[in-house]
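A.B. asks: So I've got this file, structure28.txt, and it contains compact mmCIF, C-alpha atoms and all ligand atoms:
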# COMPACT_ATOMS: atom_id res chain seq x y z
CA MET B 1 17.57 23.55 -27.00
CA VAL B 2 18.61 20.17 -25.61
CA SER B 3 19.41 17.84 -28.44
CA ILE B 4 17.14 14.82 -28.47
CA HIS B 5 18.98 12.06 -30.19
CA ARG B 6 18.03 8.43 -30.52
CA ASP B 7 21.54 7.42 -29.39
CA ASN B 8 20.90 8.62 -25.86
CA ARG B 9 17.34 7.30 -25.85
CA PRO B 10 17.89 4.40 -23.39
CA GLN B 11 19.40 6.81 -20.85
CA ARG B 12 16.54 9.28 -21.29
CA LEU B 13 13.99 6.50 -20.86
CA ARG B 14 15.77 5.22 -17.76
CA ALA B 15 15.75 8.74 -16.28
CA HIS B 16 12.02 9.11 -17.01
CA LEU B 17 11.28 5.76 -15.37
CA GLU B 18 13.37 6.55 -12.28
CA ARG B 19 11.62 9.87 -11.88
CA LEU B 20 8.15 8.33 -12.18
CA CYS B 21 8.99 5.76 -9.51
CA ALA B 22 11.00 8.01 -7.19
CA GLY B 23 9.86 9.08 -3.76
CA LEU B 24 7.48 7.47 -1.34
CA ALA B 25 4.25 8.28 -3.14
CA ASP B 26 2.71 5.81 -5.54
CA ARG B 27 0.70 7.17 -8.49
CA HIS B 28 -2.83 6.05 -7.57
CA THR B 29 -5.43 8.37 -9.13
CA GLY B 30 -5.70 11.59 -7.13
CA GLY B 31 -2.71 10.92 -4.85
CA THR B 32 0.26 13.27 -4.59
CA GLY B 33 2.47 11.06 -6.81
CA ASN B 34 -0.29 10.93 -9.42
CA ILE B 35 -0.76 14.70 -9.43
CA ALA B 36 3.00 15.32 -9.73
CA SER B 37 3.43 12.72 -12.50
CA ASN B 38 0.61 14.16 -14.59
CA ALA B 39 2.01 17.67 -14.19
CA HIS B 40 5.42 16.41 -15.25
CA PHE B 41 3.90 14.64 -18.26
CA ALA B 42 2.14 17.84 -19.34
CA GLU B 43 5.38 19.79 -18.95
CA VAL B 44 7.45 17.33 -21.03
CA ALA B 45 4.71 17.32 -23.70
CA SER B 46 4.61 21.09 -24.03
CA ARG B 47 8.39 21.36 -23.94
CA ALA B 48 8.42 18.87 -26.85
CA GLY B 49 6.06 21.15 -28.74
CA LEU B 50 2.86 19.11 -28.45
CA HIS B 51 -0.53 20.71 -27.74
CA VAL B 52 -1.55 19.87 -24.21
CA GLU B 53 -5.04 19.64 -22.77
CA ARG B 54 -5.48 19.00 -19.05
CA ILE B 55 -8.96 17.96 -17.97
CA GLY B 56 -9.70 17.85 -14.24
CA PHE B 57 -12.11 15.37 -12.66
CA ASP B 58 -13.43 14.49 -9.21
CA CYS B 59 -12.19 11.42 -7.41
CA PHE B 60 -11.64 10.20 -3.87
CA GLU B 61 -8.49 10.25 -1.84
CA TRP B 62 -8.39 7.89 1.09
CA GLU B 63 -6.43 8.01 4.31
CA PRO B 64 -6.32 4.76 6.18
CA GLY B 65 -5.39 4.35 9.85
CA PRO B 66 -4.91 1.24 11.96
CA ALA B 67 -7.39 -1.64 11.73
CA TYR B 68 -7.67 -4.58 14.12
CA LEU B 69 -10.02 -7.26 15.32
CA GLU B 70 -10.09 -8.26 18.98
CA THR B 71 -11.31 -11.74 19.94
CA ASP B 72 -10.88 -13.57 23.22
CA SER B 73 -7.72 -15.14 21.84
CA GLY B 74 -6.04 -11.84 21.01
CA THR B 75 -5.79 -8.93 18.59
CA LEU B 76 -5.33 -9.45 14.88
CA THR B 77 -4.18 -6.59 12.63
CA VAL B 78 -6.17 -6.69 9.43
CA LYS B 79 -5.69 -4.99 6.07
CA ARG B 80 -7.96 -2.08 5.23
CA GLY B 81 -10.02 -2.38 2.08
CA PRO B 82 -9.05 0.46 -0.27
CA TYR B 83 -11.52 3.39 -0.03
CA SER B 84 -13.30 1.75 2.92
CA LEU B 85 -15.21 3.86 5.43
CA PRO B 86 -14.17 3.58 9.11
CA CYS B 87 -15.74 1.26 11.67
CA LYS B 88 -15.93 0.88 15.44
CA ALA B 89 -18.08 -2.06 16.46
CA GLU B 90 -18.57 -4.48 19.32
CA ALA B 91 -20.74 -7.18 17.81
CA THR B 92 -21.29 -10.85 17.13
CA LEU B 93 -18.98 -12.49 14.59
CA PHE B 94 -20.83 -14.19 11.73
CA ALA B 95 -19.48 -16.03 8.69
CA ALA B 96 -20.72 -16.85 5.20
CA THR B 97 -19.25 -18.63 2.19
CA THR B 98 -22.01 -18.04 -0.39
CA VAL B 99 -24.66 -15.45 -1.22
CA GLU B 100 -27.38 -17.95 -0.15
CA GLU B 101 -25.71 -18.44 3.21
CA LEU B 102 -25.32 -14.69 3.63
CA GLU B 103 -29.00 -14.10 2.82
CA SER B 104 -30.07 -16.67 5.41
CA LEU B 105 -28.19 -14.89 8.24
CA HIS B 106 -29.53 -12.07 10.35
CA ALA B 107 -26.25 -10.27 10.03
CA GLU B 108 -27.36 -6.71 10.65
CA GLY B 109 -24.83 -4.85 12.79
CA CYS B 110 -22.57 -7.89 13.09
CA VAL B 111 -18.96 -8.33 12.04
CA LEU B 112 -19.14 -10.60 9.03
CA LEU B 113 -16.40 -12.94 7.88
CA LEU B 114 -16.62 -13.81 4.19
CA HIS B 115 -14.61 -16.80 3.05
CA GLY B 116 -14.62 -19.57 0.48
CA PRO B 117 -16.45 -19.08 -2.84
CA ILE B 118 -17.92 -15.65 -1.97
CA ALA B 119 -14.40 -14.30 -1.36
CA SER B 120 -12.55 -16.12 -4.13
CA ALA B 121 -12.21 -13.19 -6.56
CA GLN B 122 -11.92 -9.43 -6.27
CA LEU B 123 -15.36 -7.92 -6.81
CA THR B 124 -15.54 -5.84 -9.97
CA PRO B 125 -16.42 -2.32 -8.79
CA ARG B 126 -20.08 -1.44 -9.10
CA GLY B 127 -20.53 1.03 -11.89
CA TYR B 128 -17.21 0.09 -13.48
CA PRO B 129 -17.75 1.59 -16.93
CA PHE B 130 -16.34 -1.10 -19.18
CA TYR B 131 -17.84 -4.36 -17.95
CA ALA B 132 -19.83 -5.90 -15.12
CA VAL B 133 -19.75 -9.38 -13.63
CA ASP B 134 -23.31 -10.38 -12.59
CA GLU B 135 -22.09 -12.65 -9.81
CA HIS B 136 -20.03 -9.80 -8.32
CA THR B 137 -22.94 -7.37 -8.50
CA GLN B 138 -25.07 -9.95 -6.63
CA ILE B 139 -22.45 -10.40 -3.92
CA LEU B 140 -22.14 -6.62 -3.38
CA SER B 141 -25.93 -6.26 -3.18
CA ALA B 142 -26.19 -9.16 -0.72
CA ILE B 143 -23.48 -7.61 1.49
CA GLU B 144 -25.29 -4.27 1.53
CA ALA B 145 -28.70 -5.88 2.12
CA ALA B 146 -27.28 -7.83 5.08
CA GLY B 147 -26.23 -4.52 6.68
CA PRO B 148 -23.26 -5.74 8.74
CA ALA B 149 -21.18 -3.26 10.77
CA ALA B 150 -18.22 -4.41 8.66
CA ILE B 151 -17.00 -7.30 6.59
CA ILE B 152 -13.65 -9.02 6.90
CA ALA B 153 -12.84 -11.07 3.82
CA ILE B 154 -10.51 -14.04 4.02
CA THR B 155 -8.73 -14.02 0.68
CA GLY B 156 -5.81 -15.55 -1.15
CA ARG B 157 -4.72 -14.73 -4.67
CA ASP B 158 -6.59 -13.38 -7.67
CA GLU B 159 -4.95 -12.40 -10.93
CA MET B 160 -7.41 -9.55 -11.48
CA ALA B 161 -6.01 -7.92 -8.35
CA GLY B 162 -2.41 -8.30 -9.55
CA ALA B 163 0.18 -10.21 -7.57
CA ILE B 164 -0.83 -9.00 -4.11
CA TYR B 165 -1.53 -11.63 -1.48
CA PRO B 166 -4.02 -11.46 0.08
CA PHE B 167 -6.18 -9.32 -2.21
CA PRO B 168 -8.83 -6.81 -1.10
CA LEU B 169 -12.28 -8.24 -1.84
CA ILE B 170 -13.72 -4.76 -2.31
CA ASN B 171 -11.83 -1.88 -3.96
CA ASP B 172 -14.65 0.52 -4.58
CA ALA B 173 -15.59 3.92 -3.10
CA THR B 174 -19.26 3.36 -3.96
CA VAL B 175 -19.64 0.66 -1.29
CA ASP B 176 -20.36 2.04 2.18
CA VAL B 177 -20.10 -1.15 4.23
CA PRO B 178 -16.66 -0.92 5.89
CA SER B 179 -14.43 -3.69 4.58
CA ALA B 180 -11.14 -5.26 5.56
CA TYR B 181 -9.32 -8.40 4.51
CA VAL B 182 -6.88 -10.96 5.87
CA LYS B 183 -4.69 -13.71 4.51
CA ASP B 184 -6.38 -17.11 4.26
CA ILE B 185 -3.97 -18.72 6.75
CA GLU B 186 -4.71 -16.05 9.42
CA GLY B 187 -8.39 -15.79 8.62
CA THR B 188 -9.14 -19.45 9.04
CA ALA B 189 -8.28 -19.19 12.77
CA LEU B 190 -10.96 -16.50 13.11
CA LEU B 191 -13.66 -18.99 12.15
CA ALA B 192 -13.28 -20.57 15.60
CA HIS B 193 -14.74 -17.35 17.06
CA VAL B 194 -17.95 -17.28 15.04
CA GLY B 195 -20.89 -16.66 17.38
CA GLU B 196 -18.74 -14.81 19.94
CA THR B 197 -18.72 -11.07 20.59
CA VAL B 198 -15.70 -9.37 18.98
CA ARG B 199 -14.45 -5.80 18.69
CA PHE B 200 -13.51 -4.39 15.30
CA THR B 201 -11.83 -1.01 14.92
CA MET B 202 -10.76 0.56 11.65
CA ASP B 203 -9.70 4.13 11.06
CA ALA B 204 -10.14 5.45 7.53
CA LYS B 205 -11.19 8.63 5.77
CA ARG B 206 -12.58 9.15 2.28
CA ILE B 207 -11.69 12.63 1.04
CA PRO B 208 -13.10 14.25 -2.12
CA ALA B 209 -10.15 15.10 -4.37
CA ARG B 210 -9.27 16.11 -7.92
CA ALA B 211 -7.14 14.44 -10.54
CA GLU B 212 -6.57 15.12 -14.22
CA GLN B 213 -6.49 13.46 -17.61
CA VAL B 214 -3.74 14.87 -19.81
CA ILE B 215 -4.10 14.73 -23.60
CA ALA B 216 -1.01 15.58 -25.66
CA ARG B 217 -1.53 16.11 -29.37
CA LYS B 218 0.81 16.56 -32.29
CA PRO B 219 -1.27 17.78 -35.23
CA GLY B 220 -0.69 15.90 -38.47
CA THR B 221 -0.28 17.31 -41.96
CA GLY B 222 -3.15 15.15 -43.22
CA ALA B 223 -6.22 13.27 -42.04
CA GLY B 224 -6.48 10.51 -39.47
CA ARG B 225 -5.27 9.91 -35.93
CA ILE B 226 -3.01 7.44 -34.19
CA LEU B 227 -3.47 7.13 -30.41
CA VAL B 228 -0.60 5.98 -28.23
CA SER B 229 -1.44 5.27 -24.59
CA ALA B 230 -0.10 3.93 -21.30
CA HIS B 231 -1.80 4.27 -17.92
CA ILE B 232 -0.04 6.67 -15.58
CA ASP B 233 -1.93 5.61 -12.44
CA THR B 234 -0.85 2.71 -10.25
CA ALA B 235 -2.43 0.54 -7.61
CA ARG B 236 -1.75 1.76 -4.05
CA GLU B 237 1.53 1.10 -2.29
CA THR B 238 3.56 0.04 -5.31
CA PRO B 239 6.35 1.88 -7.16
CA GLY B 240 4.60 0.74 -10.35
CA ALA B 241 7.69 0.37 -12.53
CA LEU B 242 6.48 -2.31 -14.95
CA ASP B 243 2.83 -1.45 -14.15
CA ASN B 244 3.15 1.00 -15.78
CA GLY B 245 6.13 3.35 -15.36
CA THR B 246 7.88 1.76 -18.34
CA GLY B 247 4.87 2.48 -20.57
CA VAL B 248 4.68 6.12 -19.48
CA ALA B 249 8.46 6.54 -19.81
CA CYS B 250 8.11 5.30 -23.41
CA LEU B 251 5.39 7.91 -24.03
CA LEU B 252 7.62 10.66 -22.63
CA GLY B 253 10.56 9.51 -24.77
CA LEU B 254 8.31 9.21 -27.81
CA MET B 255 7.05 12.79 -27.43
CA GLU B 256 10.59 14.14 -27.23
CA GLU B 257 11.41 12.54 -30.58
CA LEU B 258 8.11 13.30 -32.27
CA ALA B 259 8.86 17.01 -32.09
CA SER B 260 11.34 16.89 -34.96
CA ARG B 261 9.25 14.60 -37.20
CA PRO B 262 6.37 15.89 -39.26
CA THR B 263 3.62 13.24 -39.42
CA ARG B 264 0.64 12.84 -41.68
CA HIS B 265 -1.53 11.41 -38.89
CA THR B 266 -2.33 13.47 -35.84
CA ILE B 267 -0.63 11.67 -32.95
CA GLU B 268 -2.38 11.73 -29.57
CA VAL B 269 -0.26 10.67 -26.64
CA LEU B 270 -2.44 9.59 -23.72
CA PRO B 271 -1.36 8.88 -20.13
CA PHE B 272 -4.64 7.29 -19.03
CA ASN B 273 -5.44 8.06 -15.43
CA GLY B 274 -7.64 5.24 -14.15
CA GLU B 275 -6.61 1.80 -15.36
CA ASP B 276 -6.00 0.65 -11.80
CA ASN B 277 -8.81 2.72 -10.28
CA TYR B 278 -12.33 1.52 -9.45
CA ALA B 279 -13.94 4.27 -11.53
CA ALA B 280 -11.59 4.56 -14.56
CA LYS B 281 -12.40 8.28 -14.66
CA GLY B 282 -9.45 9.32 -16.83
CA GLU B 283 -10.51 6.92 -19.56
CA LEU B 284 -14.12 8.14 -19.30
CA VAL B 285 -13.02 11.77 -19.51
CA TYR B 286 -11.08 10.99 -22.68
CA LEU B 287 -14.05 9.15 -24.24
CA ALA B 288 -16.28 12.14 -23.39
CA GLU B 289 -13.80 14.39 -25.22
CA ASN B 290 -14.48 12.33 -28.34
CA PRO B 291 -18.24 12.64 -28.87
CA ASP B 292 -17.81 11.90 -32.58
CA GLY B 293 -16.09 8.62 -31.82
CA PHE B 294 -12.97 7.15 -33.29
CA SER B 295 -13.78 6.45 -36.93
CA ASN B 296 -10.74 8.51 -37.99
CA VAL B 297 -8.39 6.52 -35.73
CA ALA B 298 -6.04 4.20 -37.65
CA VAL B 299 -5.01 2.37 -34.49
CA VAL B 300 -4.71 2.71 -30.71
CA VAL B 301 -1.34 1.50 -29.43
CA ASN B 302 -1.40 0.75 -25.70
CA ILE B 303 1.71 -0.05 -23.66
CA ASP B 304 1.32 -1.85 -20.33
CA ALA B 305 3.48 -4.28 -18.36
CA ALA B 306 6.34 -3.96 -20.84
CA GLY B 307 10.14 -3.82 -20.56
CA LEU B 308 10.87 -6.61 -18.07
CA ALA B 309 14.59 -7.37 -18.38
CA GLY B 310 15.39 -10.71 -19.98
CA ALA B 311 12.11 -11.05 -21.86
CA ALA B 312 11.04 -10.05 -25.36
CA THR B 313 8.26 -7.56 -26.12
CA ASP B 314 4.99 -8.93 -27.49
CA VAL B 315 2.71 -6.96 -29.78
CA SER B 316 -0.88 -8.21 -30.06
CA PHE B 317 -3.69 -7.07 -32.36
CA TYR B 318 -7.40 -6.41 -31.80
CA GLY B 319 -9.58 -5.90 -34.85
CA CYS B 320 -6.77 -4.35 -36.90
CA PRO B 321 -7.13 -4.19 -40.68
CA ASP B 322 -4.42 -5.89 -42.76
CA ALA B 323 -2.70 -2.57 -43.48
CA VAL B 324 -2.12 -2.00 -39.75
CA ASN B 325 -0.84 -5.55 -39.18
CA GLU B 326 1.52 -5.17 -42.11
CA ALA B 327 2.75 -1.78 -40.92
CA ALA B 328 3.44 -3.29 -37.48
CA GLU B 329 5.28 -6.24 -38.96
CA ALA B 330 7.42 -3.93 -41.07
CA ALA B 331 8.17 -1.75 -38.04
CA MET B 332 9.28 -4.72 -35.92
CA ALA B 333 11.27 -6.45 -38.68
CA THR B 334 14.57 -4.84 -37.69
CA LEU B 335 13.98 -5.06 -33.92
CA ALA B 336 15.15 -8.32 -32.35
CA SER B 337 13.28 -7.72 -29.08
CA VAL B 338 9.85 -6.99 -30.61
CA GLN B 339 7.64 -9.85 -31.82
CA VAL B 340 4.00 -10.79 -32.40
CA GLY B 341 2.49 -12.29 -29.25
CA PRO B 342 -0.80 -13.67 -27.90
CA ALA B 343 -3.86 -11.50 -27.22
CA TRP B 344 -4.26 -9.98 -23.76
CA PRO B 345 -7.89 -9.06 -23.11
CA ALA B 346 -7.20 -6.52 -20.35
CA SER B 347 -5.83 -2.97 -19.92
CA ASP B 348 -6.74 0.17 -21.85
CA HIS B 349 -6.55 -1.22 -25.39
CA MET B 350 -9.75 -3.13 -24.57
CA VAL B 351 -11.60 0.16 -23.95
CA PHE B 352 -11.18 0.76 -27.69
CA ALA B 353 -11.21 -2.83 -28.98
CA MET B 354 -14.64 -3.36 -27.37
CA GLN B 355 -15.96 -0.44 -29.44
CA GLY B 356 -14.50 -1.85 -32.64
CA VAL B 357 -11.59 0.63 -32.81
CA PRO B 358 -8.45 -1.13 -34.16
CA ALA B 359 -6.09 -1.61 -31.23
CA MET B 360 -2.66 -2.99 -30.47
CA ALA B 361 -1.12 -3.92 -27.12
CA ILE B 362 2.58 -3.79 -26.30
CA ALA B 363 3.47 -5.93 -23.29
CA SER B 364 6.23 -8.16 -22.03
CA ALA B 365 6.36 -11.73 -23.33
CA GLU B 366 6.58 -12.60 -19.60
CA LEU B 367 3.21 -10.98 -18.92
CA THR B 368 2.03 -13.93 -16.82
CA ARG B 369 5.01 -13.51 -14.53
CA ILE B 370 4.46 -9.75 -14.20
CA VAL B 371 0.75 -10.11 -13.44
CA GLY B 372 1.23 -13.12 -11.16
CA GLU B 373 4.33 -12.07 -9.21
CA ILE B 374 5.15 -8.38 -9.62
CA ALA B 375 2.21 -6.09 -10.49
CA HIS B 376 0.66 -4.10 -7.62
CA THR B 377 3.38 -5.09 -5.15
CA GLU B 378 6.25 -3.24 -3.51
CA PHE B 379 8.58 -5.35 -5.67
CA ASP B 380 7.61 -3.61 -8.93
CA THR B 381 10.77 -1.50 -9.00
CA PRO B 382 12.69 0.20 -11.86
CA ASP B 383 15.67 -2.20 -11.63
CA LEU B 384 13.41 -4.89 -13.16
CA ALA B 385 13.17 -2.89 -16.39
CA ASP B 386 15.62 -2.88 -19.29
CA SER B 387 15.94 0.50 -20.99
CA ALA B 388 17.18 -1.13 -24.22
CA LEU B 389 13.83 -2.93 -24.46
CA MET B 390 12.02 0.36 -23.80
CA SER B 391 14.11 2.01 -26.49
CA ASP B 392 13.04 -0.68 -28.97
CA ILE B 393 9.39 -0.04 -28.06
CA VAL B 394 9.81 3.65 -28.89
CA GLU B 395 11.61 2.70 -32.11
CA PHE B 396 8.75 0.33 -32.97
CA ILE B 397 6.11 3.01 -32.45
CA LEU B 398 8.04 5.61 -34.46
CA GLY B 399 8.44 3.03 -37.24
CA LEU B 400 4.75 2.12 -37.08
CA ILE B 401 3.74 5.78 -37.39
CA GLU B 402 6.06 6.14 -40.39
CA GLU B 403 4.63 3.01 -42.06
CA LEU B 404 1.05 4.11 -41.45
CA ASP B 405 1.83 7.63 -42.69
CA ALA B 406 3.14 6.06 -45.89
CA CYS B 407 -0.05 4.01 -46.56
CA ALA B 408 -2.51 5.71 -48.84
ZN ZN F 1 -1.20 -1.94 -15.93
Would you write the structure of this file as structure tokens?
C.D. replies:
Amino acid sequence: MVSIHRDNRPQRLRAHLERLCAGLADRHTGGTGNIASNAHFAEVASRAGLHVERIGFDCFEWEPGPAYLETDSGTLTVKRGPYSLPCKAEATLFAATTVEELESLHAEGCVLLLHGPIASAQLTPRGYPFYAVDEHTQILSAIEAAGPAAIIAITGRDEMAGAIYPFPLINDATVDVPSAYVKDIEGTALLAHVGETVRFTMDAKRIPARAEQVIARKPGTGAGRILVSAHIDTARETPGALDNGTGVACLLGLMEELASRPTRHTIEVLPFNGEDNYAAKGELVYLAENPDGFSNVAVVVNIDAAGLAGAATDVSFYGCPDAVNEAAEAAMATLASVQVGPAWPASDHMVFAMQGVPAMAIASAELTRIVGEIAHTEFDTPDLADSALMSDIVEFILGLIEELDACA
């Protein structure tokens, strides 16, 4: 048996991260990189002696082709909205900046430019299980009621969509109006063509596919559970190193070391497969596996956007009892890179915090920089991560488990 020693932990974590981010495929739910990463996770978990459950679910794969808009001043290549259906239309170009304006147009069959307030934020997917934004639901309904041949959104930046510029207005396989998007500076020139006949062509295919949610479990010697999670999926077209290869690498490293440590709590190690997906199916599958709820869960520890070189690691708390806070503070006391940080009301810890399950988030102290400049882009590469920081995260979680095991 390979000896798993904490001394070579940074190297092991680095190797895990490199492997997760290697190759051309990102890890979006249901894609080839996602399928391979989940299989690898299951393999590492069983090799480490954990019980592994693999639960399949339906999702959509999506194959985009070229997309362009032809006006009398030329051809503009546009970006394809993720999961969009295809379109081939020769129609009048319309534009709207608000729902009211959209409702006053007879936009059926037209190519519809959306800009200004109506396109200022990524629309929360309809049927997203964890929250809804009324304004976004209204916009989606107004777009569908208008019945355009396609929409082209003129967008800039939106933190909810990560650091990508421009951002897709719609990222949702439940919307059947074909959608594309362009950068604000290019899109504004299109407004000069409103009222003219344009041609819009977009190739795309939605393909029913399967993905899985892996659950790795180390049974405890006593009662109670501790859940440790990090989402294994990524946005499309990003290596997803900080979002969230580092988190998953920490889970893999943690499992390797858990093998030799008996624990009182049952430890569940969860690579959630849907944090960056419109349907969050992996999270839903896991919740469905827990019909009796989480009353025996001491804490959920979620890692996301952690390990950026040059920055400390922040731990934040959501409805944790004093005993959990104290255990965390004891576990971080000897770790210079781990500190208490501000709350971050996003990512998978909120799935539990919203239900009143005590939760903890582990993220970089430079979270704003990661979300605003790195996440969801091609620049989110493993060289940005520091394996010594990742090693301290694993050390922190092992220490936290030990502290919680020791509480009565
Ligand atoms: Zn993330």
A.B. asks: Counting only C-alpha atoms and all ligand atoms, which protein, DNA or RNA residues come within 9 Å of ligand ZN 1 (chain F), given as a VMD selection string?
C.D. replies: chain B and resid 230 to 235 240 242 to 244 247 275 to 276 303 to 305 346 to 348 371 375 to 376
A.B. asks: Report the distance between CA of Ala363 in chain B and CA of Leu20 in chain B in Å, rounded to one decimal place.
C.D. replies: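 Between CA of Ala363 in chain B and CA of Leu20 in chain B the gap works out to 18.7 Å.
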A.B. asks: Please measure the separation of CA of Ala359 in chain B and CA of Ser229 in chain B, giving the value in Å to one decimal.
C.D. replies: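 Here the two named atoms are 10.6 Å from each other.
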A.B. asks: For CA of Gln11 in chain B and CA of Ala385 in chain B, quote the distance in Å rounded to one decimal.
C.D. replies: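 So the two atoms, CA of Gln11 in chain B and CA of Ala385 in chain B, lie 12.4 Å apart.
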A.B. asks: Write out as a list in words which residues come within 10 Å of Ala298 in chain B when counting only C-alpha atoms, dropping same-chain ones fewer than 4 positions away.
C.D. replies: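 Final neighbour list, sorted by chain and number: Gly224, Arg225, Ile226, Leu227, His265, Phe294, Cys320, Pro321, Ala323, Val324, Val357, Pro358, Ala359, Ile401, Leu404 and Asp405 of chain B.
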A.B. asks: Print the selection's residues with C-alpha atoms to a file, as a PDB file, in the coordinates of the input.
C.D. replies:
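What ended up in part-v2.pdb:
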ATOM      1  CA  GLY B 224      -6.480  10.510 -39.470  1.00  0.00           C
ATOM      2  CA  ARG B 225      -5.270   9.910 -35.930  1.00  0.00           C
ATOM      3  CA  ILE B 226      -3.010   7.440 -34.190  1.00  0.00           C
ATOM      4  CA  LEU B 227      -3.470   7.130 -30.410  1.00  0.00           C
ATOM      5  CA  HIS B 265      -1.530  11.410 -38.890  1.00  0.00           C
ATOM      6  CA  PHE B 294     -12.970   7.150 -33.290  1.00  0.00           C
ATOM      7  CA  CYS B 320      -6.770  -4.350 -36.900  1.00  0.00           C
ATOM      8  CA  PRO B 321      -7.130  -4.190 -40.680  1.00  0.00           C
ATOM      9  CA  ALA B 323      -2.700  -2.570 -43.480  1.00  0.00           C
ATOM     10  CA  VAL B 324      -2.120  -2.000 -39.750  1.00  0.00           C
ATOM     11  CA  VAL B 357     -11.590   0.630 -32.810  1.00  0.00           C
ATOM     12  CA  PRO B 358      -8.450  -1.130 -34.160  1.00  0.00           C
ATOM     13  CA  ALA B 359      -6.090  -1.610 -31.230  1.00  0.00           C
ATOM     14  CA  ILE B 401       3.740   5.780 -37.390  1.00  0.00           C
ATOM     15  CA  LEU B 404       1.050   4.110 -41.450  1.00  0.00           C
ATOM     16  CA  ASP B 405       1.830   7.630 -42.690  1.00  0.00           C
TER      17      ASP B 405
END
A.B. asks: Which one of B:Asn296, B:Thr246, B:Thr75, B:Thr29 sits closest to Phe60 in chain B if you count only C-alpha atoms?
C.D. replies: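 Going through B:Asn296, B:Thr246, B:Thr75, B:Thr29 one by one, the smallest distance to Phe60 in chain B is for B:Thr29.
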A.B. asks: Generate the missing atoms of range 337-348 of chain B up to N, CA and C atoms and report them as a PDB file, in the coordinates of the input.
C.D. replies:
ATOM      1  N   SER B 337      14.022  -7.497 -30.333  1.00  0.00           N
ATOM      2  CA  SER B 337      13.280  -7.720 -29.080  1.00  0.00           C
ATOM      3  C   SER B 337      11.767  -7.624 -29.244  1.00  0.00           C
ATOM      4  N   VAL B 338      11.299  -7.205 -30.433  1.00  0.00           N
ATOM      5  CA  VAL B 338       9.850  -6.990 -30.610  1.00  0.00           C
ATOM      6  C   VAL B 338       9.283  -8.068 -31.521  1.00  0.00           C
ATOM      7  N   GLN B 339       8.209  -8.736 -31.064  1.00  0.00           N
ATOM      8  CA  GLN B 339       7.640  -9.850 -31.820  1.00  0.00           C
ATOM      9  C   GLN B 339       6.114  -9.852 -31.689  1.00  0.00           C
ATOM     10  N   VAL B 340       5.450 -10.640 -32.528  1.00  0.00           N
ATOM     11  CA  VAL B 340       4.000 -10.790 -32.400  1.00  0.00           C
ATOM     12  C   VAL B 340       3.724 -11.766 -31.274  1.00  0.00           C
ATOM     13  N   GLY B 341       2.787 -11.428 -30.396  1.00  0.00           N
ATOM     14  CA  GLY B 341       2.490 -12.290 -29.250  1.00  0.00           C
ATOM     15  C   GLY B 341       0.997 -12.544 -29.110  1.00  0.00           C
ATOM     16  N   PRO B 342       0.617 -13.310 -28.089  1.00  0.00           N
ATOM     17  CA  PRO B 342      -0.800 -13.670 -27.900  1.00  0.00           C
ATOM     18  C   PRO B 342      -1.637 -12.484 -27.407  1.00  0.00           C
ATOM     19  N   ALA B 343      -2.947 -12.571 -27.643  1.00  0.00           N
ATOM     20  CA  ALA B 343      -3.860 -11.500 -27.220  1.00  0.00           C
ATOM     21  C   ALA B 343      -3.940 -11.426 -25.698  1.00  0.00           C
ATOM     22  N   TRP B 344      -4.141 -10.235 -25.199  1.00  0.00           N
ATOM     23  CA  TRP B 344      -4.260  -9.980 -23.760  1.00  0.00           C
ATOM     24  C   TRP B 344      -5.523  -9.138 -23.545  1.00  0.00           C
ATOM     25  N   PRO B 345      -6.615  -9.801 -23.179  1.00  0.00           N
ATOM     26  CA  PRO B 345      -7.890  -9.060 -23.110  1.00  0.00           C
ATOM     27  C   PRO B 345      -8.036  -8.275 -21.810  1.00  0.00           C
ATOM     28  N   ALA B 346      -7.109  -7.367 -21.540  1.00  0.00           N
ATOM     29  CA  ALA B 346      -7.200  -6.520 -20.350  1.00  0.00           C
ATOM     30  C   ALA B 346      -6.503  -5.216 -20.690  1.00  0.00           C
ATOM     31  N   SER B 347      -6.490  -4.265 -19.769  1.00  0.00           N
ATOM     32  CA  SER B 347      -5.830  -2.970 -19.920  1.00  0.00           C
ATOM     33  C   SER B 347      -6.567  -2.074 -20.930  1.00  0.00           C
ATOM     34  N   ASP B 348      -6.002  -0.890 -21.149  1.00  0.00           N
ATOM     35  CA  ASP B 348      -6.740   0.170 -21.850  1.00  0.00           C
ATOM     36  C   ASP B 348      -6.991  -0.080 -23.331  1.00  0.00           C
TER      37      ASP B 348
END
